[in-house]
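Novice: The structure file target.txt (compact mmCIF, C-alpha atoms) is provided below.
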```txt
# COMPACT_ATOMS: atom_id res chain seq x y z
CA MET V 1 -0.06 111.70 22.21
CA ARG V 2 -2.47 109.69 24.23
CA GLU V 3 -4.66 109.15 21.17
CA TYR V 4 -1.68 107.97 19.15
CA THR V 5 -0.64 105.57 21.90
CA ARG V 6 -4.17 104.20 22.20
CA LYS V 7 -4.35 103.61 18.44
CA LEU V 8 -0.96 101.92 18.44
CA PHE V 9 -2.04 99.69 21.28
CA VAL V 10 -5.24 98.79 19.42
CA CYS V 11 -3.24 97.98 16.27
CA ILE V 12 -0.84 95.77 18.19
CA PHE V 13 -3.73 94.01 19.89
CA LEU V 14 -5.49 93.45 16.58
CA LEU V 15 -2.25 92.15 15.04
CA PHE V 16 -1.88 89.80 17.99
CA LEU V 17 -5.43 88.52 17.49
CA VAL V 18 -4.79 88.00 13.78
CA CYS V 19 -1.57 86.11 14.48
CA LEU V 20 -3.28 84.06 17.14
CA LEU V 21 -6.16 83.25 14.82
CA PHE V 22 -3.79 82.39 11.95
CA GLY V 23 -1.72 80.21 14.24
CA THR V 24 -4.82 78.45 15.47
CA VAL V 25 -6.06 77.84 11.93
CA HIS V 26 -2.60 76.66 10.85
CA ALA V 27 -2.37 74.37 13.86
CA GLN V 28 -5.80 72.97 13.08
CA GLU V 29 -4.75 72.41 9.49
CA GLU V 30 -1.57 70.65 10.62
CA ASN V 31 -3.55 68.58 13.11
CA SER V 32 -6.04 67.70 10.40
CA ALA V 33 -3.22 66.66 8.07
CA GLU V 34 -1.59 64.58 10.79
CA GLN V 35 -4.93 63.02 11.64
CA GLU V 36 -5.52 62.22 8.00
CA GLN V 37 -2.06 60.65 7.70
CA LEU V 38 -2.69 58.67 10.87
CA LEU V 39 -6.04 57.48 9.57
CA ASN V 40 -4.42 56.47 6.27
CA LYS V 41 -1.75 54.48 8.15
CA ILE V 42 -4.41 52.83 10.29
CA GLU V 43 -6.36 51.92 7.17
CA GLU V 44 -3.21 50.50 5.54
CA LEU V 45 -2.49 48.44 8.65
CA GLU V 46 -6.07 47.15 8.67
CA ASN V 47 -5.81 46.18 5.00
CA ARG V 48 -2.48 44.43 5.60
CA LEU V 49 -3.91 42.66 8.62
CA ASN V 50 -6.88 41.48 6.56
CA GLU V 51 -4.51 40.23 3.84
CA LEU V 52 -2.42 38.32 6.37
CA THR V 53 -5.59 36.85 7.89
CA GLU V 54 -6.85 35.66 4.52
CA GLU V 55 -3.42 34.28 3.66
CA SER V 56 -3.31 32.41 6.96
CA ARG V 57 -6.76 30.96 6.33
CA ALA V 58 -5.74 29.86 2.84
CA ARG V 59 -2.61 28.20 4.19
CA ARG V 60 -4.59 26.38 6.87
CA LYS V 61 -6.91 25.07 4.18
CA LEU V 62 -3.95 23.80 2.15
CA GLU V 63 -2.17 22.25 5.12
CA ILE V 64 -2.89 18.57 5.80
CA THR V 65 -3.80 17.73 9.37
CA GLU V 66 -2.24 14.82 11.22
CA GLN V 67 -5.41 12.79 10.76
CA GLU V 68 -5.47 13.53 7.02
CA LYS V 69 -1.81 12.50 6.74
CA GLU V 70 -2.58 9.23 8.51
CA GLU V 71 -5.55 8.55 6.24
CA LYS V 72 -3.49 9.36 3.14
CA GLU V 73 -0.70 7.02 4.28
CA LYS V 74 -3.25 4.27 4.87
CA GLU V 75 -4.80 4.74 1.42
CA VAL V 76 -1.39 4.52 -0.28
CA LEU V 77 -0.46 1.36 1.65
CA GLU V 78 -3.86 -0.31 1.11
CA ALA V 79 -3.28 0.00 -2.63
CA VAL V 80 -0.13 -2.07 -2.10
CA SER V 81 -1.32 -4.73 0.38
CA ARG V 82 -3.58 -5.20 3.39
CA GLU V 83 -0.61 -6.45 5.41
CA TYR V 84 0.68 -2.92 6.06
CA THR V 85 -2.45 -1.48 7.68
CA LEU V 86 -4.95 -2.27 10.42
CA ASP V 87 -8.43 -0.86 10.92
CA THR V 88 -10.13 0.36 14.06
CA LYS V 89 -11.96 -1.99 16.41
CA HIS V 90 -15.12 -3.73 15.10
CA THR V 91 -14.32 -3.05 11.43
CA VAL V 92 -15.17 -5.69 8.82
CA ASN V 93 -13.34 -5.80 5.48
CA LEU V 94 -14.52 -7.71 2.42
CA ASP V 95 -11.92 -7.95 -0.31
CA TYR V 96 -12.22 -9.37 -3.83
CA SER V 97 -9.17 -9.78 -6.05
CA LEU V 98 -8.65 -11.09 -9.58
CA ASN V 99 -5.18 -12.21 -10.63
CA TYR V 100 -3.91 -13.48 -13.95
CA SER V 101 -0.38 -14.87 -14.20
CA TYR V 102 1.62 -16.33 -17.03
CA ALA V 103 4.63 -18.48 -16.16
CA PRO V 104 6.34 -20.23 -19.08
CA SER V 105 8.80 -23.01 -18.24
CA GLU V 106 10.81 -25.76 -19.85
CA SER V 107 10.17 -29.48 -19.43
CA ILE V 108 12.53 -32.25 -20.50
CA ASN V 109 11.32 -35.42 -22.18
CA THR V 110 13.71 -37.96 -20.64
CA LEU V 111 12.98 -40.54 -23.33
CA GLU V 112 13.58 -38.40 -26.40
CA LEU V 113 15.66 -35.65 -24.72
CA GLU V 114 13.45 -32.95 -26.18
CA ALA V 115 12.67 -29.60 -24.60
CA ASN V 116 9.01 -28.60 -24.82
CA ARG V 117 7.75 -25.18 -23.75
CA ILE V 118 4.81 -25.27 -21.31
CA ALA V 119 2.64 -22.16 -21.11
CA ASP V 120 1.06 -22.08 -17.66
CA HIS V 121 -1.86 -19.64 -17.42
CA THR V 122 -3.50 -19.17 -14.03
CA VAL V 123 -6.61 -17.14 -13.20
CA ARG V 124 -7.24 -16.77 -9.49
CA HIS V 125 -10.38 -15.29 -7.91
CA THR V 126 -9.88 -14.66 -4.20
CA ILE V 127 -12.45 -13.58 -1.63
CA SER V 128 -10.95 -12.39 1.65
CA THR V 129 -12.56 -11.17 4.84
CA SER V 130 -11.02 -9.66 7.96
CA TYR V 131 -12.36 -8.48 11.30
CA SER V 132 -10.63 -6.06 13.67
CA VAL V 133 -10.92 -7.57 17.15
CA LEU V 134 -8.96 -4.66 18.61
CA ASN V 135 -7.44 -1.47 17.22
CA ASN V 136 -4.15 -3.33 16.82
CA LEU V 137 -5.37 -6.90 16.20
CA SER V 138 -7.33 -8.43 13.33
CA VAL V 139 -8.14 -11.93 12.06
CA SER V 140 -8.71 -12.89 8.43
CA THR V 141 -9.55 -15.69 6.04
CA SER V 142 -8.98 -16.10 2.32
CA ILE V 143 -10.74 -18.42 -0.14
CA PRO V 144 -9.27 -18.73 -3.66
CA PHE V 145 -10.93 -20.17 -6.76
CA VAL V 146 -8.39 -21.25 -9.36
CA TYR V 147 -8.48 -21.88 -13.08
CA ARG V 148 -5.28 -23.23 -14.68
CA TYR V 149 -4.50 -23.91 -18.29
CA LYS V 150 -1.44 -25.58 -19.77
CA ASP V 151 -0.53 -25.74 -23.42
CA ARG V 152 2.08 -28.46 -23.91
CA GLY V 153 1.92 -28.43 -27.68
CA THR V 154 -0.46 -27.96 -30.56
CA GLU V 155 -2.62 -30.94 -29.57
CA ASP V 156 -1.74 -31.37 -25.89
CA GLU V 157 -3.74 -29.12 -23.58
CA LEU V 158 -4.79 -29.37 -19.93
CA ASN V 159 -7.12 -27.19 -17.88
CA GLU V 160 -8.61 -27.36 -14.41
CA SER V 161 -11.03 -25.30 -12.29
CA ASP V 162 -11.27 -25.89 -8.56
CA ILE V 163 -10.93 -24.28 -5.16
CA GLY V 164 -7.42 -23.44 -3.98
CA ASP V 165 -5.80 -23.62 -0.57
CA ILE V 166 -7.81 -21.71 2.05
CA SER V 167 -5.75 -19.64 4.48
CA LEU V 168 -6.42 -18.29 7.98
CA GLY V 169 -4.41 -15.39 9.32
CA VAL V 170 -3.88 -12.90 12.12
CA SER V 171 -2.24 -9.45 12.04
CA PHE V 172 -0.91 -7.57 15.04
CA GLN V 173 0.58 -4.13 15.57
CA PRO V 174 2.88 -4.42 18.60
CA PHE V 175 3.74 -0.72 18.88
CA LYS V 176 1.50 2.31 18.58
CA SER V 177 3.05 4.93 16.32
CA GLU V 178 2.22 8.46 15.29
CA VAL V 179 2.25 9.96 11.80
CA GLY V 180 5.78 10.08 10.42
CA GLN V 181 7.04 7.35 12.74
CA LEU V 182 7.92 3.78 11.80
CA ARG V 183 4.88 1.49 11.69
CA THR V 184 5.30 -2.22 12.32
CA THR V 185 2.75 -4.94 11.63
CA VAL V 186 3.37 -8.63 12.25
CA SER V 187 1.31 -11.12 10.22
CA SER V 188 0.99 -14.88 10.46
CA SER V 189 -1.13 -17.30 8.43
CA VAL V 190 -1.84 -21.00 8.02
CA SER V 191 -2.83 -22.54 4.69
CA LEU V 192 -5.03 -25.61 4.50
CA PRO V 193 -4.68 -28.26 1.76
CA THR V 194 -8.18 -27.72 0.38
CA GLY V 195 -7.03 -27.42 -3.23
CA ARG V 196 -6.36 -30.28 -5.63
CA SER V 197 -3.11 -31.85 -4.42
CA PRO V 198 -0.27 -32.35 -6.93
CA TYR V 199 0.38 -35.73 -5.30
CA LYS V 200 -3.13 -37.06 -5.88
CA ILE V 201 -3.61 -36.39 -9.58
CA ASN V 202 -2.63 -37.95 -12.85
CA PRO V 203 -0.07 -35.46 -14.23
CA GLU V 204 -0.87 -36.57 -17.76
CA THR V 205 -4.53 -35.56 -17.58
CA GLU V 206 -4.95 -33.30 -14.51
CA ILE V 207 -3.51 -30.10 -13.02
CA SER V 208 -3.22 -29.28 -9.33
CA THR V 209 -4.79 -26.16 -7.78
CA GLY V 210 -3.16 -26.43 -4.33
CA SER V 211 0.04 -27.43 -2.57
CA GLY V 212 -1.28 -30.63 -1.03
CA THR V 213 0.11 -29.86 2.41
CA TYR V 214 -0.37 -27.58 5.42
CA GLY V 215 1.69 -24.42 5.25
CA PHE V 216 2.77 -21.73 7.70
CA SER V 217 4.01 -18.20 7.04
CA LEU V 218 5.28 -15.38 9.23
CA SER V 219 6.12 -11.85 8.10
CA ALA V 220 7.05 -8.48 9.54
CA ASN V 221 5.86 -5.45 7.60
CA PHE V 222 7.21 -1.93 8.02
CA SER V 223 6.21 1.46 6.64
CA LYS V 224 7.22 5.05 7.17
CA GLN V 225 5.91 8.31 5.74
CA VAL V 226 8.68 10.50 4.37
CA ASP V 227 6.87 13.41 2.70
CA PRO V 228 5.86 13.30 -0.04
CA ILE V 229 6.23 9.49 -0.33
CA VAL V 230 5.50 6.43 1.82
CA ILE V 231 8.25 3.82 2.07
CA PHE V 232 7.38 0.19 2.84
CA TRP V 233 9.31 -3.06 3.19
CA ASN V 234 8.84 -6.56 4.59
CA VAL V 235 10.64 -9.77 5.52
CA GLY V 236 9.02 -13.19 5.70
CA TYR V 237 9.42 -16.91 6.25
CA ASP V 238 7.35 -19.74 4.71
CA ASN V 239 7.39 -23.42 5.56
CA SER V 240 5.25 -26.43 4.72
CA MET V 241 4.77 -29.69 6.57
CA ASP V 242 6.46 -32.80 5.22
CA LEU V 243 4.31 -35.32 3.37
CA GLU V 244 4.41 -38.99 4.30
CA ASP V 245 2.66 -42.21 3.21
CA LEU V 246 1.91 -40.84 -0.20
CA ASP V 247 2.09 -43.95 -2.41
CA TYR V 248 2.03 -41.64 -5.39
CA VAL V 249 2.91 -43.41 -8.64
CA LEU V 250 5.04 -41.04 -10.68
CA GLN V 251 5.90 -43.58 -13.33
CA GLU V 252 5.48 -47.35 -13.57
CA SER V 253 8.79 -47.95 -11.81
CA TYR V 254 8.71 -45.00 -9.39
CA MET V 255 6.44 -44.62 -6.35
CA LEU V 256 6.83 -41.50 -4.22
CA GLU V 257 6.44 -42.19 -0.50
CA LYS V 258 7.67 -39.07 1.26
CA VAL V 259 8.49 -35.41 0.57
CA GLU V 260 10.52 -33.11 2.81
CA THR V 261 9.65 -29.61 1.68
CA GLY V 262 12.16 -26.77 1.61
CA GLU V 263 11.89 -23.52 3.53
CA THR V 264 11.48 -20.12 1.91
CA PHE V 265 12.92 -16.80 3.02
CA ARG V 266 11.70 -13.65 1.35
CA PHE V 267 11.91 -9.88 1.49
CA GLY V 268 10.58 -6.98 -0.52
CA GLY V 269 9.95 -3.27 -0.48
CA GLY V 270 9.08 -0.19 -2.42
CA PHE V 271 7.47 3.22 -2.16
CA GLY V 272 4.12 4.84 -2.88
CA TYR V 273 3.18 8.38 -3.82
CA ALA V 274 -0.21 10.12 -3.73
CA LEU V 275 -0.77 11.99 -6.98
CA SER V 276 -4.02 13.53 -5.68
CA TYR V 277 -6.69 12.98 -3.06
CA LYS V 278 -8.04 10.06 -5.09
CA VAL V 279 -5.13 8.55 -7.04
CA SER V 280 -1.83 7.05 -5.87
CA ILE V 281 0.92 5.01 -7.51
CA ASN V 282 3.41 2.54 -6.07
CA PHE V 283 6.55 0.69 -7.13
CA SER V 284 7.68 -2.55 -5.50
CA PHE V 285 10.32 -5.28 -5.61
CA SER V 286 10.21 -8.78 -4.12
CA TYR V 287 12.79 -11.54 -3.74
CA SER V 288 12.56 -15.06 -2.34
CA TYR V 289 14.98 -17.94 -1.85
CA THR V 290 13.62 -21.49 -1.52
CA PHE V 291 15.72 -24.40 -0.39
CA GLY V 292 15.37 -27.62 -2.34
CA SER V 293 12.98 -30.41 -1.33
CA LYS V 294 13.85 -34.08 -0.81
CA TYR V 295 11.84 -36.83 -2.53
CA PHE V 296 11.92 -40.38 -1.20
CA TYR V 297 10.99 -43.16 -3.63
CA ARG V 298 10.19 -46.74 -2.75
CA GLY V 299 13.11 -49.01 -3.52
CA ALA V 300 15.52 -46.14 -4.13
CA SER V 301 18.83 -46.21 -2.27
CA ALA V 302 18.90 -42.44 -1.67
CA ALA V 303 16.57 -39.49 -1.70
CA VAL V 304 16.37 -37.25 -4.72
CA LYS V 305 16.93 -33.58 -3.89
CA SER V 306 15.77 -30.73 -6.04
CA GLY V 307 17.95 -27.68 -6.40
CA ASP V 308 17.46 -24.41 -4.55
CA SER V 309 15.42 -21.83 -6.42
CA ILE V 310 15.36 -18.05 -6.57
CA SER V 311 12.45 -15.85 -7.54
CA ALA V 312 12.48 -12.10 -8.01
CA SER V 313 9.97 -9.69 -9.50
CA THR V 314 9.21 -6.02 -9.78
CA GLY V 315 5.83 -4.35 -10.02
CA ILE V 316 3.98 -1.09 -10.50
CA GLY V 317 0.52 -0.39 -9.13
CA MET V 318 -2.14 2.28 -8.83
CA GLY V 319 -4.84 3.01 -6.27
CA TRP V 320 -8.05 4.84 -7.11
CA LYS V 321 -10.33 5.99 -4.29
CA VAL V 322 -13.84 5.76 -5.76
CA SER V 323 -15.61 6.28 -2.41
CA PRO V 324 -14.67 6.94 1.24
CA LYS V 325 -14.81 3.18 1.91
CA THR V 326 -13.51 1.72 -1.37
CA THR V 327 -10.14 2.08 -3.06
CA LEU V 328 -9.65 0.08 -6.26
CA SER V 329 -6.16 -1.29 -6.85
CA TYR V 330 -4.46 -2.25 -10.09
CA SER V 331 -0.96 -3.71 -10.40
CA VAL V 332 1.32 -5.33 -12.96
CA GLY V 333 4.25 -7.54 -11.99
CA TYR V 334 7.13 -8.79 -14.13
CA GLY V 335 9.44 -11.67 -13.24
CA LEU V 336 13.14 -10.85 -13.15
CA THR V 337 14.19 -14.51 -12.98
CA GLY V 338 11.97 -15.59 -15.88
CA SER V 339 9.74 -14.19 -18.59
CA GLY V 340 6.48 -14.49 -16.67
CA PHE V 341 4.21 -11.64 -15.63
CA SER V 342 1.03 -11.06 -13.64
CA VAL V 343 -1.88 -8.62 -13.59
CA THR V 344 -3.96 -8.04 -10.44
CA PHE V 345 -7.17 -6.15 -9.73
CA ARG V 346 -8.43 -5.73 -6.16
CA MET V 347 -11.67 -4.23 -4.85
CA PRO V 348 -12.08 -3.89 -1.04
CA PHE V 349 -15.13 -2.88 0.97
CA THR V 350 -15.10 -1.61 4.58
CA PHE V 351 -17.93 -1.82 7.11
CA ILE V 352 -17.90 -0.50 10.69
CA LEU V 353 -20.14 -2.40 13.08
```
Will you turn the file into structure tokens for me?

Specialist:
Amino acid sequence: MREYTRKLFVCIFLLFLVCLLFGTVHAQEENSAEQEQLLNKIEELENRLNELTEESRARRKLEITEQEKEEKEKEVLEAVSREYTLDTKHTVNLDYSLNYSYAPSESINTLELEANRIADHTVRHTISTSYSVLNNLSVSTSIPFVYRYKDRGTEDELNESDIGDISLGVSFQPFKSEVGQLRTTVSSSVSLPTGRSPYKINPETEISTGSGTYGFSLSANFSKQVDPIVIFWNVGYDNSMDLEDLDYVLQESYMLEKVETGETFRFGGGFGYALSYKVSINFSFSYSYTFGSKYFYRGASAAVKSGDSISASTGIGMGWKVSPKTTLSYSVGYGLTGSGFSVTFRMPFTFIL
């Protein structure tokens, strides 16, 4: 009986050891499986984290910084006009522009009451320079060289080459603005009568290349970046000094003594869009209203007043950034109040002292 009990006890003990060993092995297997699953999840999380990191880096590369947005806005506006932008302090700009315009008109022969078409072709080379005295203040000068050609018939032609009216200007940005905010630039200029005056030529054999009088202009220019385009608009006022003591013989029986010039109010606007980092396009519209001038003739009982005139045009332009400091500009304008048109090419250079 004792032997049987001892054997039974040994069997139970061995069974217990087997169960314990099996449980331990099973637990180790379960722990190994759980550890493997945990490692797989950790690896998946690491892979996902790496993907998100790479995606974030790619997005940061594609995103445009505030400085890049400001530079892009400036490039788009410079392709339109220098009046909308100012450079940093001690920056010198040299600007060359070539403009061709065609402006047909009608003239009346008062003796024979015939209407003759006059084709007025003008080629204007302009060299402009500007210097930024401060970050928000710059001064400028512009010197034009003008060639004009008139075809008044098959055998009646006139042409003239001479300097035009030189202008001096100043531009000021009264308010500092950040990217996306409204930018305001105020510009003022004075034109000098350096060109060939229309009141000192023989209209039968010569053509004028200037206005013959001192002029003054004032304009306010506005721009705002509204992704993905840049909107710009302007308002302006032009006036010229009256001319006196002319003694200009218009015809044998008419001598012009005085001219009271009319004022001009103008406005315009448009928008520009950057197609890429190097190319942008812009569309613009301009309108001006000029009040009539008064002409005083010797011996005449009353002054002769010309009628008010309206001028409107629309244009399309393109800017091409060929280097970090040079953006070539091309534009074509078409008159809405006549059949004239113009083509302009501009090439600026920037130097920082």

Novice: Up to 12 Å from (11.0, -37.7, 1.5) in the file's coordinates: name the residues, counting only C-alpha atoms, as a tab-separated table (two decimals) with C-alpha atoms, in the coordinates of the input.

Specialist:
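Output saved as point-v1.tsv:
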```tsv
chain	number	residue	atom	x	y	z
V	241	MET	CA	4.77	-29.69	6.57
V	242	ASP	CA	6.46	-32.80	5.22
V	243	LEU	CA	4.31	-35.32	3.37
V	244	GLU	CA	4.41	-38.99	4.30
V	245	ASP	CA	2.66	-42.21	3.21
V	246	LEU	CA	1.91	-40.84	-0.20
V	247	ASP	CA	2.09	-43.95	-2.41
V	248	TYR	CA	2.03	-41.64	-5.39
V	255	MET	CA	6.44	-44.62	-6.35
V	256	LEU	CA	6.83	-41.50	-4.22
V	257	GLU	CA	6.44	-42.19	-0.50
V	258	LYS	CA	7.67	-39.07	1.26
V	259	VAL	CA	8.49	-35.41	0.57
V	260	GLU	CA	10.52	-33.11	2.81
V	261	THR	CA	9.65	-29.61	1.68
V	262	GLY	CA	12.16	-26.77	1.61
V	292	GLY	CA	15.37	-27.62	-2.34
V	293	SER	CA	12.98	-30.41	-1.33
V	294	LYS	CA	13.85	-34.08	-0.81
V	295	TYR	CA	11.84	-36.83	-2.53
V	296	PHE	CA	11.92	-40.38	-1.20
V	297	TYR	CA	10.99	-43.16	-3.63
V	298	ARG	CA	10.19	-46.74	-2.75
V	300	ALA	CA	15.52	-46.14	-4.13
V	302	ALA	CA	18.90	-42.44	-1.67
V	303	ALA	CA	16.57	-39.49	-1.70
V	304	VAL	CA	16.37	-37.25	-4.72
V	305	LYS	CA	16.93	-33.58	-3.89
V	306	SER	CA	15.77	-30.73	-6.04
```

Novice: In Å to one decimal, how far is atom CA of V:Arg148 from atom CA of V:Ile207?

Specialist: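 Taking atom CA of V:Ile207 and atom CA of V:Arg148, their separation equals 7.3 Å.
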
Novice: Counting all atoms listed in the file, which residues of stretch 184-252 of chain V sit at most 7 Å from some atom of stretch 77-95 of chain V, and what is each one's closest atom pair with its distance in Å to one decimal, listed by chain and rising residue number, as a tab-separated table?

Specialist:
```
residue	atom	partner	partner_atom	distance
V:Thr185	CA	V:Tyr84	CA	6.3
V:Ser187	CA	V:Glu83	CA	7.0
V:Asn221	CA	V:Tyr84	CA	6.0
V:Phe222	CA	V:Tyr84	CA	6.9
```

Novice: Which of these, V:Tyr131, V:Asn202, V:Val249, V:Asn136, has the shortest distance to V:Lys176 once you count only C-alpha atoms?

Specialist: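 For V:Lys176, the nearest of the candidates is V:Asn136.
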
Novice: Go ahead and compute the interatomic distance for atom CA of V:Asp165 and atom CA of V:Tyr289, in Å to one decimal.

Specialist: 21.6 Å

Novice: Counting only C-alpha atoms, find the residues whose atoms lie at most 12 Å from (-13.4, -27.9, -14.0) (file coordinates) and write them out as a list in words.

Specialist: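 Checked against the point, the hits come out as Phe145, Val146, Tyr147, Arg148, Tyr149, Leu158, Asn159, Glu160, Ser161, Asp162, Ile163, Arg196, Glu206, Ile207, Ser208 and Thr209 of chain V.
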
Novice: Which residue, V:Lys74, V:Gly164, V:Val170, V:Tyr100, has the smallest gap to V:Pro198 when you use only C-alpha atoms?

Specialist: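 Looking at the shortest contact to V:Pro198, the residue is V:Gly164.
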
Novice: Could you check which of V:Val186, V:Ile201, V:Val76, V:Ile352 is closest to V:Lys321, using all atoms listed in the file?

Specialist: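 Closest to V:Lys321, using all atoms listed in the file: V:Val76.
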
Novice: Taking all atoms listed in the file into account, which of V:Ser301, V:Asn50, V:Ser197, V:Thr126 comes nearest V:Phe345?

Specialist: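 Going through V:Ser301, V:Asn50, V:Ser197, V:Thr126 one by one, the smallest distance to V:Phe345 is for V:Thr126.
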
Novice: Using only C-alpha atoms, which of the listed residues (V:Asp120, V:His125, V:Tyr330, V:Leu39) sits closest to V:Glu157?

Specialist: V:Asp120

Novice: Could you state the separation of atom CA of V:Ser188 and atom CA of V:Tyr287 in Å, given to one decimal place?

Specialist: 18.8 Å

Novice: From the list V:Glu263, V:Glu70, V:Glu46, V:Glu51, which residue is nearest V:Asp308 when using only C-alpha atoms?

Specialist: V:Glu263
